[in-house]
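Q: Starting off with a structure, shown below.
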Amino acid sequence: MTIISAPAGSGKTSLLRAWADRPGQRHRLAVLQVRRDQHDAQDFWLALLDAVRHASGATSGAEPSAATPDFNASTMIDRVLSELADARGDIMLVIDDLHELDSPDALAQLTRLLTNLPPGAHAVLTTRYDLRLGLHQLRLAGELGEIRAADLRFTERETSELLGASGVSLSKDGTALLHQRTEGWAAGLRLAVISLTGHPDPERFVAEFSGTNRAVAEYLVAEMLDRQPGEVQDLLLRTCLLDRVNGELADLLTGRPGSERILLDLEDANAFVVSLDPERTWFRYHHLFGDLLRLELRRTLPEQVPLLHRRAAEWFIEHGEVVAAIRHTQAAGDWPDAARLLADHSFSLTLDGHAQTIRALVRAFPPGADHPELALVRAGSDLVQGRLDEAAAHLAVAETYAETAPPDRRRRLQVAIAALKLSLARRRGHLAGVVEQVKFLNAPVTGPSDEDIALDSDLRAVALMNLGTVEAWSLGLPDAEHHLQEGAILARRIGRPYLEVGCLAQLGFASKIHPFAIAQGRCREAIAAAERHGWGAEPVIAPALVTLAGTMVWTGEFDEAERWLQRTVRALQADIGPDIRLLLHQTTGILQAGRGRHHEALKEFSAAEYLQSQLEGSHALAGQVTGWLLATQARLGMTGEARAALAALADERASAGEIGNARAVICLAEGDPAGALGALRDVLDGTAPVIGYVTVVEAQLLAGLAYRELGDQRAANQAAERALALAEADRLLLPFAITGSRELLEALPRHETAHAALLTDILDVLRGVSPAARYQSAPPETEELSLGELRVLRYLPTNLSRPQIAGELSVSPNTVSTHIRSIYAKLGVRDRSSAVQRARELRLLAGGRTR
Amino acid sequence: MRVHLPGPEHEVMDPAPALYTIRINGHLGAMVLSAFPAMMPQRHGADTVLTGLLDRSALYGVLAEIDALGLDLLEVRQLTPDRKSPEPRDARSP
C-alpha cells in the first residue's frame with residue numbers, strides 16, 4: 001500500500017503512468033481516475049469495481065455493474081474484496097486524485113477496503129493533501145509506503161537529464177539556475193521545457209525567468225501560451241472550462257475545424273493535455289494548467305464565458321450527458337433552464353445512482369431565487385433520504401406549480417408527482433385513496449420526440465412500479481400484477497435493470513393469491529434477475545426473497561425458508577420502509593410458530609403489529625398480523641391480553657376471518673370449544689372476508705379441534721378431511737403445524753381420507769421427523785465423491801449461485817456445473833435441495849445444521 | 001473534574017469575518033490575482049501579500065485556490081488590532 005501525497009503539479013500522475021508502463025510490469029493494474037468533484041459514493045465504487053474486474057479479466061459474461069437508487073456500500077466493498085481475492089494476488093489498485101472524492105462515506109468505506117486487502121493485493125493512491133483514511137495500523141505494521149513532495153522534486157542531475165531527453169541544450173550554469181528557480185518542481189520544469197523546446201536562445205529564457213520574481217506557474221504558463229500559435233491559444237482558452245474535451249466539442253467552442261489534431265499534438269508535446277481513453281478521443285487538461293487557463297479566459301474574454309458554457313451545455317444534452325449539461329447551464333447563469341433540466345432528469349439521475357450529485361446541483365442554485373421546478377427535485381431527494389414530511393411539503397409546492405405550468409409540461413409534472421406520491425404513500429403505509437388520485441396513469445404517454453419518450457419511459461416505469469406496489473399492498477392484486485408486469489416489460493425495453501428487478505420482485509409479492517408454484521416461480525425469476533446484477537441481497541429484491549421464504553414456510557420447508565429469511569435480513573440492512581420489515585417479522589413469526597416455538601413467534605408478531613401501528617391506514621395483511629398475534633398469546637396462556645386486544649379492535653377489522661380464527665383459538669385456550677365453533681361459523685360458511693383460502697384451512701382445523709374437545713369424533717374427522725382437501729393443491733403444511741393438529745390427524749382413519757400421501761407427509765413433519773428421513777428408503781450405497789466434488793458440495797447448502805461458488809473456489813463456472821451434475825448423479829437426486837438433504841444423511845456435510 | 005459538554009461555545013465557532021493577510025512566494029500577475037477578487041495584493045520584496053476581510057469558509061476557499069494554482073504559501077495571519085482577548089469565563093457550576 002503506497003500513498004503519494006503532494007501538491008498540484010508535483011508529478012504524481014506522471015510518476016504513476018511511468019511506473020505503470022515500465023517494462024516488465026508484473027502487476028495487473030486496476031486504474032481509477034477519480035472524477036473532478038465526485039459526490040456519488042456509488043459512482044466511485046462502481047468505477048472501482050469495473051476497474052478491478054477489467055484488470056482480473058472477470059468482465060466476460062457478467063452483466064456490467066449497474067447503479068441502484070438504494071446503494072448498499074457494505075455489500076459493494078465485499079464485492080470488490082471478493083473480486084480482488086478471486087484475482088489471486090497480483091492486482092494493483094491505482095486510485096488517482098483521491099482528494100477529488102467529496103464523500104465522507106466513501107472515504108470511510110475505502111478505509112475498510114484498504115485495511116482488508118487480500119494478501120498479495122496492493123494499492124497506490126495519489127492525493128493533493130493528506131486524507132483522513134485511518135491507516136495508522138498499516139503504518140505501524142510497516143505496510144504503508146509514503147511518497148511526499150520532497151521525494152518527487154527533481155535533483156539538478158535529473159533536471160539535466162530531462163532537458164537532454166527533450167532535446168534542449170542548456171549550459172551547466174543554465175541548468176543549475178533553472179533547477180534553483182523551479183526548486184525541482186515537476187510542473188515548473190515541464191512548463192519550462194515546453195517553452196525551451198525550439199527556443200532561439202534558451203540561456204536568455206532561463207536568465208529572464210530567473211531574474212523575475214513572478215510566481216513560477218503563472219510566469220511559465222503565460223510564457224508557454226505566448227509561444228503557441230494563435231489558434232492553439234484560442235482552443236486552450238475556449239475549451240478550458242470543460243472537465244474533458246474531444247475534437248468535436250472543441251470545434252464547436254472554437255468555431256473552427258481541426259481541433260482534434262491540435263489536442264493530439266499537444267499531448268504528444270507533453271503539454272499538460274492527457275488523453276483519457278486508449279483511442280485518444282477524449283482529453284483533459286492537467287488540473288493546475290486548466291485552472292490557470294480558466295483564470296486567463298475570465299480575464300481576457302469575460303463576455304465569452306456564458307456563451308461557451310451555453311454551447312457546451314447544448315452539446316452535452318444532445319449527447320445524453322445530463323449532469324455536465326446541467327452544470328454548464330448553471331455556470332452560464334441560465335438558472336430557470338437549469339432548474340427545468342434538473343427536474344426533467346431527476347428520475348433518470350436517481351436511477352443512475354446520482355442522488356448525491358442531484359443534491360449538489362440543487363445546492364448550486366443561488367439561495368432565495370424561486371424555481372418552482374426544483375420543488376419536485378427536492379421532494380424526490382427527500383424521499384431517497386427518508387425525510388417524509390419534507391418530501392410531502394415539497395410535493396405540495398410542486399402540485400400547485402403543476403396546475404399553472406404550460407400544458408406541454410403539465411403532463412410530465414403530473415406523472416412525476418404521482419410517482420412520488422405513490423412512493424411516499426407506501427413509505428408511510430398510507431395507502432387508502434392514493435390509487436384513486438393517480439388513475440390517470442393508466443392512459444398511455446405520448447411524447448413529441450425520442451428524447452421525451454425516453455425520459456417519459458423512465459418516469460412511467462417508476463410510476464408503474466410504485467403504483468403496482470401500492471396496489472399489491474392494498475390487495476388490489478389483479479391491477480397490481482397488470483401494472484407490475486407492464487412496468488417490468490417497459491423497464492427491460494428501455495434498459496433499466498433496477499426497475500425491471502424492482503417490478504419483478506414486487507410481482508413476486510403480488511402473486512400470493514396464485515398457487516404457490518406460480519408465486520415461487522415468479523420470485524425465483526426476480527431473484528435470478530437480481531443476481532445477474534449483483535443485487536441478490538439488496539433492498540430491491542427483498543419482497544421476492546421474503547415472499548419465497550413465506551411460501552416455503554406454508555409448505556413446511558422450514559430450514560430452506562430460514563435461509564431465505566436470513567438473506568432477506570441482509571437485504572434489509574438499509575431501511576426502505578416499514579411495510580417490508582413488517583412482512584419479514586410476520587414470515588419469521590409463522591416460521592417459529594410452525595416449529596412450535598410460540599415464545600419466539602410472539603416476539604415476531606408483536607414486532608409486526610408494532611410496525612403496523614406505525615402505518616397510517618390499513619393494508620392487505622393487517623388481519624393476518626393481528627390474528628396470529630392474538631392466537632399466539634392465547635396458545636401461551638395469555639388469554640387475558642388476547643381478550644383485551646380483541647375487544648379494542650374496531651368492528652370492521654373484528655369481522656375479518658383471520659380475527660375469527662384468533663377468537664376461536666382464545667376460546668379453545670379458555671376451555672370453551674362451543675364458543676370456538678361459534679367464532680368460526682362466519683369463516684366456514686364464507687360470510688367473513690378472508691385474505692386467502694389458507695385462513696379457511698386453519699378454520700377447519702380449529703373446528704376439528706373443537707369437535708374433538710366436545711367428543712364429536714365424526715365431525716372432527718370431517719373437518720380434518722376438509723382441511724386436507726383444501727391443502728392438497730399447494731401441499732400446505734403450516735396450518736396443521738401452527739394449530740397443533742397432530743392428534744386430530746392421527747385420529748383420522750386412513751380409509752376415511754382421500755389424501756393419505758399428504759397426511760403422511762404432514763404427520764412426518766409434525767412428529768419432528770426431518771423431511772430428509774423420507775429418503776431413507778433410497779439405496780444407501782453411493783459412489784464416492786471426488787475431492788473436487790466434495791469441495792463444491794460444501795457450498796450447496798448456501799445461497800451462493802454457481803458463478804459465485806466458482807468465484808469462491810477460484811475455478812470456472814463450467815467446472816462447478818460439471819461437479820454439480822456429477823454430484824446429483826452419484827447421490828441419485830435431481831435438484832440442489834435434495835442433494836443437500838441426501839448429503840446430510842450420508843454425513844458428507846459437516847455439522848448437519850437442521851435448524 | 002470538569003465534564004465537557006457541547007455548549008453554546010460551539011455556535012460561535014465561526015465568528016464575524018476577520019482581516020487576514022496571506023503571504024505567497026513570488027510576484028503574482030493579473031492572471032493569478034483574478035482568482036482572488038476579494039483580496040488586496042501588495043508586493044513585499046519577492047513576496048506577494050494578499051489582504052482581505054474573510055469569514056472562515058472564504059478563508060478556506062482562498063487557501064484551496066492557492067493550492068490548486070500551485071502557489072507557494074508562506075504565511076497566513078489574522079490581524080486582531082482591537083480584538084479583546086476572550087475572557088476565561090466559566091459559567092458552569094463546578
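Here, A, B, ... name the chains of the C-alpha cells in the order displayed, residue numbers run from 1 inside each chain, and ligands are numbered from 1 in the same displayed order.
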Select all residues from chain B having any atom no more than 7 Å from an atom of chain A (counting only C-alpha atoms, ignoring ligands), output as a VMD selection string.
A: chain B and resid 25 to 28 31 to 32 34 to 35 46 67 to 70
Q: Selected residues, N, CA and C atoms, written as an mmCIF file, in the first residue's frame, please.
A:
```cif
data_model
loop_
_atom_site.group_PDB
_atom_site.id
_atom_site.type_symbol
_atom_site.label_atom_id
_atom_site.label_comp_id
_atom_site.auth_asym_id
_atom_site.auth_seq_id
_atom_site.Cartn_x
_atom_site.Cartn_y
_atom_site.Cartn_z
ATOM 1 N N ASN B 25 4.855 33.248 -1.962
ATOM 2 C CA ASN B 25 6.166 33.394 -2.581
ATOM 3 C C ASN B 25 6.020 33.856 -4.031
ATOM 4 N N GLY B 26 6.744 34.883 -4.419
ATOM 5 C CA GLY B 26 6.747 35.331 -5.801
ATOM 6 C C GLY B 26 5.754 36.462 -6.056
ATOM 7 N N HIS B 27 5.938 37.111 -7.169
ATOM 8 C CA HIS B 27 5.001 38.174 -7.561
ATOM 9 C C HIS B 27 3.871 37.583 -8.383
ATOM 10 N N LEU B 28 2.663 37.935 -8.015
ATOM 11 C CA LEU B 28 1.509 37.391 -8.749
ATOM 12 C C LEU B 28 1.106 38.374 -9.827
ATOM 13 N N MET B 31 -3.202 37.380 -14.116
ATOM 14 C CA MET B 31 -3.895 36.110 -14.320
ATOM 15 C C MET B 31 -4.229 35.465 -12.978
ATOM 16 N N VAL B 32 -3.229 35.308 -12.127
ATOM 17 C CA VAL B 32 -3.454 34.631 -10.854
ATOM 18 C C VAL B 32 -4.242 35.515 -9.894
ATOM 19 N N SER B 34 -6.578 37.430 -10.487
ATOM 20 C CA SER B 34 -8.016 37.422 -10.775
ATOM 21 C C SER B 34 -8.724 36.292 -10.034
ATOM 22 N N ALA B 35 -7.956 35.349 -9.473
ATOM 23 C CA ALA B 35 -8.573 34.288 -8.681
ATOM 24 C C ALA B 35 -8.929 34.771 -7.281
ATOM 25 N N ALA B 46 10.242 39.953 -2.485
ATOM 26 C CA ALA B 46 9.986 38.951 -3.510
ATOM 27 C C ALA B 46 8.625 38.286 -3.320
ATOM 28 N N ASP B 67 -3.724 26.401 -3.298
ATOM 29 C CA ASP B 67 -3.255 25.029 -3.507
ATOM 30 C C ASP B 67 -3.452 24.613 -4.964
ATOM 31 N N ALA B 68 -4.660 24.902 -5.502
ATOM 32 C CA ALA B 68 -4.972 24.455 -6.852
ATOM 33 C C ALA B 68 -4.077 25.126 -7.885
ATOM 34 N N LEU B 69 -3.667 26.366 -7.614
ATOM 35 C CA LEU B 69 -2.878 27.102 -8.597
ATOM 36 C C LEU B 69 -1.379 26.852 -8.428
ATOM 37 N N GLY B 70 -1.037 25.947 -7.525
ATOM 38 C CA GLY B 70 0.365 25.595 -7.370
ATOM 39 C C GLY B 70 1.196 26.716 -6.769
#
```
Q: Compile the contact shell of A:Arg493 as a PyMOL selection string: residues with an atom at most 10 Å away, counting only C-alpha atoms, same-chain residues fewer than 6 positions apart removed.
A: chain A and resi 457+487+500
Q: Please list as a PyMOL selection string every residue within 8 Å of stretch 130-145 of chain A, counting only C-alpha atoms and excluding residues in the same chain fewer than 2 positions away.
A: chain A and resi 1-3+5+99+107-108+110-111+115+127-128+147
Q: Measure the distance from atom CA of A:Ala463 to atom CA of A:Ala488 in Å and round it to one decimal.
A: 11.5 Å
Q: Identify which of the residues A:Val245, A:Cys523, A:Ala720, A:Ala461 lies closest to A:Gly495, counting only C-alpha atoms when measuring atom-to-atom distances.
A: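 Nearest to A:Gly495: A:Ala461.
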Q: Between atom CA of A:Leu49 and atom CA of A:Val80, what is the spacing in Å?
A: 5.6 Å
Q: Taking only stretch 87-227 of chain A into account, list the residues labelled strand (DSSP E or B) by DSSP (computed from the backbone), as number ranges by chain.
A: A: 91-96, 101, 122-127, 145-148, 214
Q: Keeping C-alpha atoms, export the residues of the selection given above as a compact mmCIF listing (two decimals), in the first residue's frame.
A:
```
# COMPACT_ATOMS: atom_id res chain seq x y z
CA ILE A 91 -3.69 -6.96 -8.76
CA MET A 92 -2.52 -3.41 -8.15
CA LEU A 93 -5.30 -0.98 -7.35
CA VAL A 94 -4.38 2.52 -8.55
CA ILE A 95 -6.58 5.43 -7.45
CA ASP A 96 -5.51 8.78 -8.87
CA LEU A 101 -13.74 12.34 -3.79
CA HIS A 122 -1.64 -3.82 -3.49
CA ALA A 123 -2.91 -0.28 -3.69
CA VAL A 124 -1.44 3.05 -4.76
CA LEU A 125 -3.27 6.29 -4.04
CA THR A 126 -2.44 9.80 -5.10
CA THR A 127 -3.82 12.85 -3.38
CA GLY A 145 4.80 3.39 1.89
CA GLU A 146 4.55 7.18 1.57
CA ILE A 147 5.89 9.37 -1.19
CA ARG A 148 5.74 13.09 -0.48
CA ARG A 214 6.87 36.26 -10.78
```
Q: In Å, rounded to a single decimal, give me how far atom CA of A:Leu431 is from atom CA of A:Ala645.
A: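 Atom CA of A:Leu431 lies at a distance of 24.1 Å from atom CA of A:Ala645.
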Q: Measuring between only C-alpha atoms, which one of A:Leu649, A:Leu572, A:Ala480, A:Ala622 shows the shortest distance to A:Gln586?
A: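 Checking each of A:Leu649, A:Leu572, A:Ala480, A:Ala622 against A:Gln586, counting only C-alpha atoms, the winner is A:Ala622.
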Q: Near stretch 594-610 of chain A, within 9 Å and counting only C-alpha atoms, which residues show up once chain neighbours fewer than 6 positions away are dropped, as a ChimeraX atom specification?
A: /A:553-554,556,558,581-588,622,625-626,628-630,632-633,635-636,733-740,766,768
Q: Can you pull out every residue within 10 Å of stretch 75-78 of chain A, counting only C-alpha atoms, but drop anything in the same chain fewer than 4 positions away, and send it as a list in words?
A: Gln42, Trp45, Leu46, Leu49, Phe71, Ser82, Glu83, Leu84, Gln109, Leu110, Arg112, Leu113, Asn116, Gly534, Trp535, Ala537, Glu538, Arg570 and Ala571 of chain A
